[in-house]
Amino acid sequence: MIYRDKIEKLLPFVQRPARYIGNEVNSVHKDFNKVDTTMALAFPDIYDIAMSHPGFQILYNIVNSQDNALAARVFEPYVDMEKLMKENNIPLFTLEEHRAVNEYDFLGFTLQYELSYSGVLNMIKLANIPLLSKDRCVKDPFVITGGPCAYNPEPIADFLDIVVLGEGEEVLVEILNAHSEWKKQGASRVEFLQTIASFKGVYIPAFYEFSYHNDGTIKEVKVLNKAAPEVVEKRIISDMDKIAYPLKPIVPFIEVPHERVVLELFRGCLRGCRFCQAGFVYRPVRERSVETLKQQVKQLIKNTGYDEVSLMSLSSSDYTCIHELIKDLNEILIPEKVSISLPSLRVDNYDIELAKEVQRVRRSGLTLAPEAGTQRLRDVINKQVTENDLYTTVAKAIEAGWKRAKLYFMIGLPTEQEEDLNGIYNMALNTAKLGKHGPINVTVSAAGFVPKPYTPFQWVAQNTVEQLQEKQQHILSSFKRHRYIKFNYHDAITSFLEAVLARGDRRVGKVIATAINNGAKLDSWDEHFDWNIWLNAFNECNVDPAFYANREREFSEILPWDHLSCGVNKEHLWSEYQQALKATVTPDCRHDVCTDCGVCPNLKTSVMLTKGE
């Protein structure tokens, strides 16, 4: 059913009504009744956040580039719109047609952060789709998900039909084609799931069953269906030049956090920062060629009208031909008055000449991430930068005209001591004092460390909320007497919940369901996050969140994600953990010997670096 008329009557009564109207530049409109397979492509947060995410645009482009399929977008409505939808009996709807989501073949979520899990369940409920996958019938959409959080989907596994592990460009098309054939055959829902369970990168949660020891740890993960593999390996794209990139991204009518062209230089990172999940699950590094990127940027500027190009990757300045690329892009962009931004630069290879070249049209801020306050702790986390690297970079930047700096740190890292916290204060103060005519303004941001799956720290206990709060106040009190230093820190309680969801198993799912039934939504928004709702849900379900967040694991323990593989061997991660405890660094294998992480032989791929002209 189409709800456009009913929705339009509500728009005068909600904030930012353009979130719900669709028809933006480059949005795609196909005839719903003339394609084989339809997907409601969902982001479990509001429009503004979703439309700033390049991965969402990639998925939209993948599906709509298929002649026999269409994708229409759907987002979590803001609280004012959700209230009106319920009052007027309007289910969750897509932007392209304002059609009810439960009429589509798939409801596909991209999972970017754990605090969006309540959004996933809330959207399923708003769509009038049975919450549990086991309760769905042949007329219901398949709920499919992917993204970085899909590497441990177990906290929401009972609500998902299909999980895609890894990169979706190829496997998503295979799933769409298989669905088209399945519809023609009129087979059962289970038969479709059995068919795609054999596709590399596809995980069907219903085909696996968990059992537990009396102490709460996992006893066994049992495969229930012979179509399912013992271990699901991630899907990977080996040649980045051979896959399509969205050259006509949707341009929102309203202001969103990131209004710019996004150019993806490469995927993967081999720096080996031991806290960083992305650095392990996206391996190996695979770069696009300079020529491909030049051709893409021409089309992107032409098709969007944006005046900024962001060079996106985990560490953009690590791109092999970064100087050549910036020079060539400026020849294209400066005549159009389009600027370049490099959002992810490292302290140890921050090139001021490169930064000046990047900012020939518009100057951006100086943002650096030392991550820890002492060299010992930076060695523990394998962040191979020194204080001298930081001060040298900032001094050169000041000489070139920069007047302020932002520094990012984490608190609560493994083996952290008081001297490491004091080191944050000392580094910030020394950075500020590099100013030539008095201190420069320095903003220090500190996030609470969250242990993540597929990292060397996946076994460690997170600091308790009280410990994190005490450390935050310790640093804050040090900065109070310096007006030129601003200290921001993340809420310790949300870091705690993030850790529970990141390393949770299926028993956490009932907590999430209870929380949304009691009103949890938009949990990544400070003004909407309600810890009391979650605390009551944990108590009601008799689940101890500290079991997941604050408990040290042994290597022998079965982890909730051990039956899913990103390609990096568990033994390598454990070895890196032991190296961390000795504060021993591991080099980047692009420039040193192979570290034997296992990803290349396991996935039958290799590091692919571009060559200059």
# chains A, B, ... in the order shown; residues from 1 in each chain; ligands from 1
$ residues_around --residues "segment 238-252 of chain A" --least-positions-apart "4" --cutoff "7 Å" --atoms "only C-alpha atoms" --output "ChimeraX atom specification"
/A:24-27,57-58,61,286-289,292,296,299-300,303-304,605
$ write_last_selection --atoms "N, CA and C atoms" --output "PDB file, in the first residue's frame"
ATOM      1  N   GLU A  24      15.091  13.259  -4.159  1.00  0.00           N
ATOM      2  CA  GLU A  24      16.291  14.065  -4.227  1.00  0.00           C
ATOM      3  C   GLU A  24      17.011  13.836  -5.561  1.00  0.00           C
ATOM      4  N   VAL A  25      17.958  14.720  -5.849  1.00  0.00           N
ATOM      5  CA  VAL A  25      18.786  14.564  -7.041  1.00  0.00           C
ATOM      6  C   VAL A  25      19.494  13.210  -6.990  1.00  0.00           C
ATOM      7  N   ASN A  26      19.410  12.476  -8.084  1.00  0.00           N
ATOM      8  CA  ASN A  26      20.046  11.163  -8.274  1.00  0.00           C
ATOM      9  C   ASN A  26      19.346  10.008  -7.569  1.00  0.00           C
ATOM     10  N   SER A  27      18.205  10.251  -6.931  1.00  0.00           N
ATOM     11  CA  SER A  27      17.451   9.110  -6.405  1.00  0.00           C
ATOM     12  C   SER A  27      16.892   8.322  -7.586  1.00  0.00           C
ATOM     13  N   GLN A  57      25.264   4.425   0.131  1.00  0.00           N
ATOM     14  CA  GLN A  57      25.121   4.794  -1.281  1.00  0.00           C
ATOM     15  C   GLN A  57      25.658   3.686  -2.184  1.00  0.00           C
ATOM     16  N   ILE A  58      26.720   3.005  -1.745  1.00  0.00           N
ATOM     17  CA  ILE A  58      27.262   1.887  -2.528  1.00  0.00           C
ATOM     18  C   ILE A  58      26.225   0.785  -2.666  1.00  0.00           C
ATOM     19  N   ASN A  61      23.406   1.721  -4.999  1.00  0.00           N
ATOM     20  CA  ASN A  61      23.849   1.647  -6.393  1.00  0.00           C
ATOM     21  C   ASN A  61      23.938   0.206  -6.877  1.00  0.00           C
ATOM     22  N   ARG A 286      43.878  -3.045  -0.479  1.00  0.00           N
ATOM     23  CA  ARG A 286      43.673  -3.100  -1.932  1.00  0.00           C
ATOM     24  C   ARG A 286      43.365  -1.696  -2.422  1.00  0.00           C
ATOM     25  N   GLU A 287      44.249  -1.157  -3.263  1.00  0.00           N
ATOM     26  CA  GLU A 287      44.143   0.240  -3.685  1.00  0.00           C
ATOM     27  C   GLU A 287      43.511   0.369  -5.070  1.00  0.00           C
ATOM     28  N   ARG A 288      42.791   1.471  -5.264  1.00  0.00           N
ATOM     29  CA  ARG A 288      42.359   1.843  -6.609  1.00  0.00           C
ATOM     30  C   ARG A 288      43.492   2.598  -7.295  1.00  0.00           C
ATOM     31  N   SER A 289      43.515   2.521  -8.617  1.00  0.00           N
ATOM     32  CA  SER A 289      44.557   3.210  -9.371  1.00  0.00           C
ATOM     33  C   SER A 289      44.272   4.705  -9.427  1.00  0.00           C
ATOM     34  N   THR A 292      41.786   5.496 -12.258  1.00  0.00           N
ATOM     35  CA  THR A 292      40.392   5.204 -11.905  1.00  0.00           C
ATOM     36  C   THR A 292      39.819   6.309 -11.031  1.00  0.00           C
ATOM     37  N   GLN A 296      36.681   8.865 -11.764  1.00  0.00           N
ATOM     38  CA  GLN A 296      35.536   8.874 -10.859  1.00  0.00           C
ATOM     39  C   GLN A 296      35.237  10.272 -10.346  1.00  0.00           C
ATOM     40  N   GLN A 299      33.256  12.545 -12.724  1.00  0.00           N
ATOM     41  CA  GLN A 299      31.830  12.220 -12.790  1.00  0.00           C
ATOM     42  C   GLN A 299      31.106  12.632 -11.515  1.00  0.00           C
ATOM     43  N   LEU A 300      31.739  12.421 -10.379  1.00  0.00           N
ATOM     44  CA  LEU A 300      31.099  12.731  -9.101  1.00  0.00           C
ATOM     45  C   LEU A 300      30.826  14.223  -8.951  1.00  0.00           C
ATOM     46  N   ASN A 303      28.006  15.240 -11.335  1.00  0.00           N
ATOM     47  CA  ASN A 303      26.682  14.704 -11.014  1.00  0.00           C
ATOM     48  C   ASN A 303      26.118  15.160  -9.671  1.00  0.00           C
ATOM     49  N   THR A 304      26.930  15.870  -8.872  1.00  0.00           N
ATOM     50  CA  THR A 304      26.439  16.280  -7.548  1.00  0.00           C
ATOM     51  C   THR A 304      26.470  17.779  -7.302  1.00  0.00           C
ATOM     52  N   THR A 605      43.913 -14.207  -1.546  1.00  0.00           N
ATOM     53  CA  THR A 605      44.047 -12.858  -2.066  1.00  0.00           C
ATOM     54  C   THR A 605      45.430 -12.345  -1.701  1.00  0.00           C
TER      55      THR A 605
END
$ residues_around --residues "segment 522-539 of chain A" --least-positions-apart "6" --cutoff "12 Å" --atoms "only C-alpha atoms" --output "PyMOL selection string"
chain A and resi 43-46+49+75-79+82+112-123+490-498+500-501+507-516+545-548
$ closest_residue --among "A:Lys433, A:Arg73, A:Lys521, A:Arg235" --to "Glu170 of chain A" --atoms "only C-alpha atoms"
A:Arg235
$ closest_residue --among "A:Thr586, A:Gln579, A:Thr367, A:Asn128" --to "Phe93 of chain A" --atoms "only C-alpha atoms"
A:Asn128
$ select_by_dssp --residues "segment 99-287 of chain A" --states "alpha helix (DSSP H)" --output "ChimeraX atom specification"
/A:117-126,171-185,189-197,277-281
$ write_last_selection --atoms "N, CA and C atoms" --output "CSV table (one decimal), in the first residue's frame"
chain,number,residue,atom,x,y,z
A,117,TYR,N,21.5,-1.1,17.3
A,117,TYR,CA,20.8,-2.3,17.3
A,117,TYR,C,19.3,-2.1,17.7
A,118,SER,N,19.1,-1.2,18.7
A,118,SER,CA,17.7,-0.9,19.0
A,118,SER,C,16.9,-0.4,17.8
A,119,GLY,N,17.6,0.4,17.0
A,119,GLY,CA,17.0,0.9,15.8
A,119,GLY,C,16.6,-0.2,14.8
A,120,VAL,N,17.4,-1.2,14.7
A,120,VAL,CA,17.1,-2.4,13.8
A,120,VAL,C,15.7,-3.0,14.3
A,121,LEU,N,15.7,-3.3,15.6
A,121,LEU,CA,14.4,-4.0,16.1
A,121,LEU,C,13.2,-3.0,16.0
A,122,ASN,N,13.5,-1.7,16.3
A,122,ASN,CA,12.4,-0.8,16.3
A,122,ASN,C,11.8,-0.7,14.9
A,123,MET,N,12.7,-0.7,13.9
A,123,MET,CA,12.2,-0.5,12.5
A,123,MET,C,11.5,-1.8,12.0
A,124,ILE,N,12.0,-3.0,12.4
A,124,ILE,CA,11.2,-4.2,12.1
A,124,ILE,C,9.8,-4.2,12.7
A,125,LYS,N,9.7,-3.7,13.9
A,125,LYS,CA,8.4,-3.6,14.5
A,125,LYS,C,7.5,-2.6,13.8
A,126,LEU,N,8.1,-1.4,13.5
A,126,LEU,CA,7.3,-0.4,12.8
A,126,LEU,C,6.8,-0.8,11.4
A,171,VAL,N,28.4,-10.6,-3.8
A,171,VAL,CA,27.5,-11.5,-3.1
A,171,VAL,C,26.1,-11.0,-3.1
A,172,LEU,N,25.9,-9.7,-2.9
A,172,LEU,CA,24.5,-9.2,-2.9
A,172,LEU,C,23.8,-9.5,-4.2
A,173,VAL,N,24.5,-9.3,-5.3
A,173,VAL,CA,23.9,-9.6,-6.6
A,173,VAL,C,23.6,-11.1,-6.8
A,174,GLU,N,24.5,-11.9,-6.2
A,174,GLU,CA,24.2,-13.4,-6.3
A,174,GLU,C,22.9,-13.7,-5.5
A,175,ILE,N,22.7,-13.1,-4.3
A,175,ILE,CA,21.6,-13.3,-3.5
A,175,ILE,C,20.3,-12.8,-4.2
A,176,LEU,N,20.4,-11.7,-4.9
A,176,LEU,CA,19.2,-11.1,-5.6
A,176,LEU,C,18.8,-12.1,-6.7
A,177,ASN,N,19.8,-12.6,-7.5
A,177,ASN,CA,19.5,-13.5,-8.6
A,177,ASN,C,18.9,-14.8,-8.1
A,178,ALA,N,19.5,-15.3,-7.0
A,178,ALA,CA,19.0,-16.5,-6.4
A,178,ALA,C,17.5,-16.4,-5.9
A,179,HIS,N,17.2,-15.2,-5.4
A,179,HIS,CA,15.8,-14.9,-5.0
A,179,HIS,C,14.9,-14.9,-6.1
A,180,SER,N,15.3,-14.3,-7.2
A,180,SER,CA,14.5,-14.2,-8.4
A,180,SER,C,14.1,-15.7,-8.9
A,181,GLU,N,15.1,-16.6,-8.9
A,181,GLU,CA,14.8,-17.9,-9.3
A,181,GLU,C,13.9,-18.6,-8.3
A,182,TRP,N,14.2,-18.4,-7.0
A,182,TRP,CA,13.4,-19.0,-5.9
A,182,TRP,C,11.9,-18.6,-6.1
A,183,LYS,N,11.6,-17.3,-6.4
A,183,LYS,CA,10.2,-16.9,-6.6
A,183,LYS,C,9.5,-17.6,-7.7
A,184,LYS,N,10.3,-17.8,-8.8
A,184,LYS,CA,9.7,-18.5,-9.9
A,184,LYS,C,9.4,-20.0,-9.6
A,185,GLN,N,10.2,-20.6,-8.7
A,185,GLN,CA,10.0,-22.0,-8.4
A,185,GLN,C,8.9,-22.2,-7.3
A,189,ARG,N,10.6,-21.0,2.2
A,189,ARG,CA,11.5,-20.0,2.7
A,189,ARG,C,12.8,-20.6,3.1
A,190,VAL,N,12.7,-21.8,3.7
A,190,VAL,CA,13.9,-22.5,4.2
A,190,VAL,C,14.8,-22.9,3.0
A,191,GLU,N,14.1,-23.3,1.9
A,191,GLU,CA,14.9,-23.7,0.7
A,191,GLU,C,15.7,-22.6,0.1
A,192,PHE,N,15.2,-21.4,0.1
A,192,PHE,CA,15.9,-20.2,-0.3
A,192,PHE,C,17.2,-20.0,0.6
A,193,LEU,N,17.0,-20.1,1.9
A,193,LEU,CA,18.1,-19.9,2.8
A,193,LEU,C,19.1,-21.0,2.6
A,194,GLN,N,18.7,-22.2,2.4
A,194,GLN,CA,19.6,-23.3,2.1
A,194,GLN,C,20.5,-23.1,0.9
A,195,THR,N,19.8,-22.5,-0.2
A,195,THR,CA,20.5,-22.2,-1.4
A,195,THR,C,21.6,-21.2,-1.2
A,196,ILE,N,21.3,-20.1,-0.5
A,196,ILE,CA,22.3,-19.1,-0.4
A,196,ILE,C,23.3,-19.3,0.7
A,197,ALA,N,23.0,-20.3,1.6
A,197,ALA,CA,24.0,-20.6,2.7
A,197,ALA,C,25.3,-21.1,2.1
A,277,GLN,N,39.2,-2.6,15.2
A,277,GLN,CA,38.6,-3.7,14.5
A,277,GLN,C,38.7,-3.6,13.0
A,278,ALA,N,38.5,-2.4,12.5
A,278,ALA,CA,38.5,-2.2,11.1
A,278,ALA,C,39.8,-2.6,10.5
A,279,GLY,N,40.9,-2.3,11.2
A,279,GLY,CA,42.2,-2.7,10.7
A,279,GLY,C,42.5,-4.1,10.5
A,280,PHE,N,41.7,-5.0,11.2
A,280,PHE,CA,41.8,-6.4,11.1
A,280,PHE,C,40.7,-7.0,10.1
A,281,VAL,N,39.5,-6.6,10.2
A,281,VAL,CA,38.4,-7.2,9.4
A,281,VAL,C,38.4,-6.8,8.0
$ residues_around --residues "segment 356-358 of chain A" --least-positions-apart "2" --cutoff "8 Å" --atoms "only C-alpha atoms" --output "list in words"
Ile326, Lys327, Asn330, Ser339, Ile340, Ser341, Leu342, Ile352, Glu353, Leu354, Arg360, Val361 and Ala400 of chain A
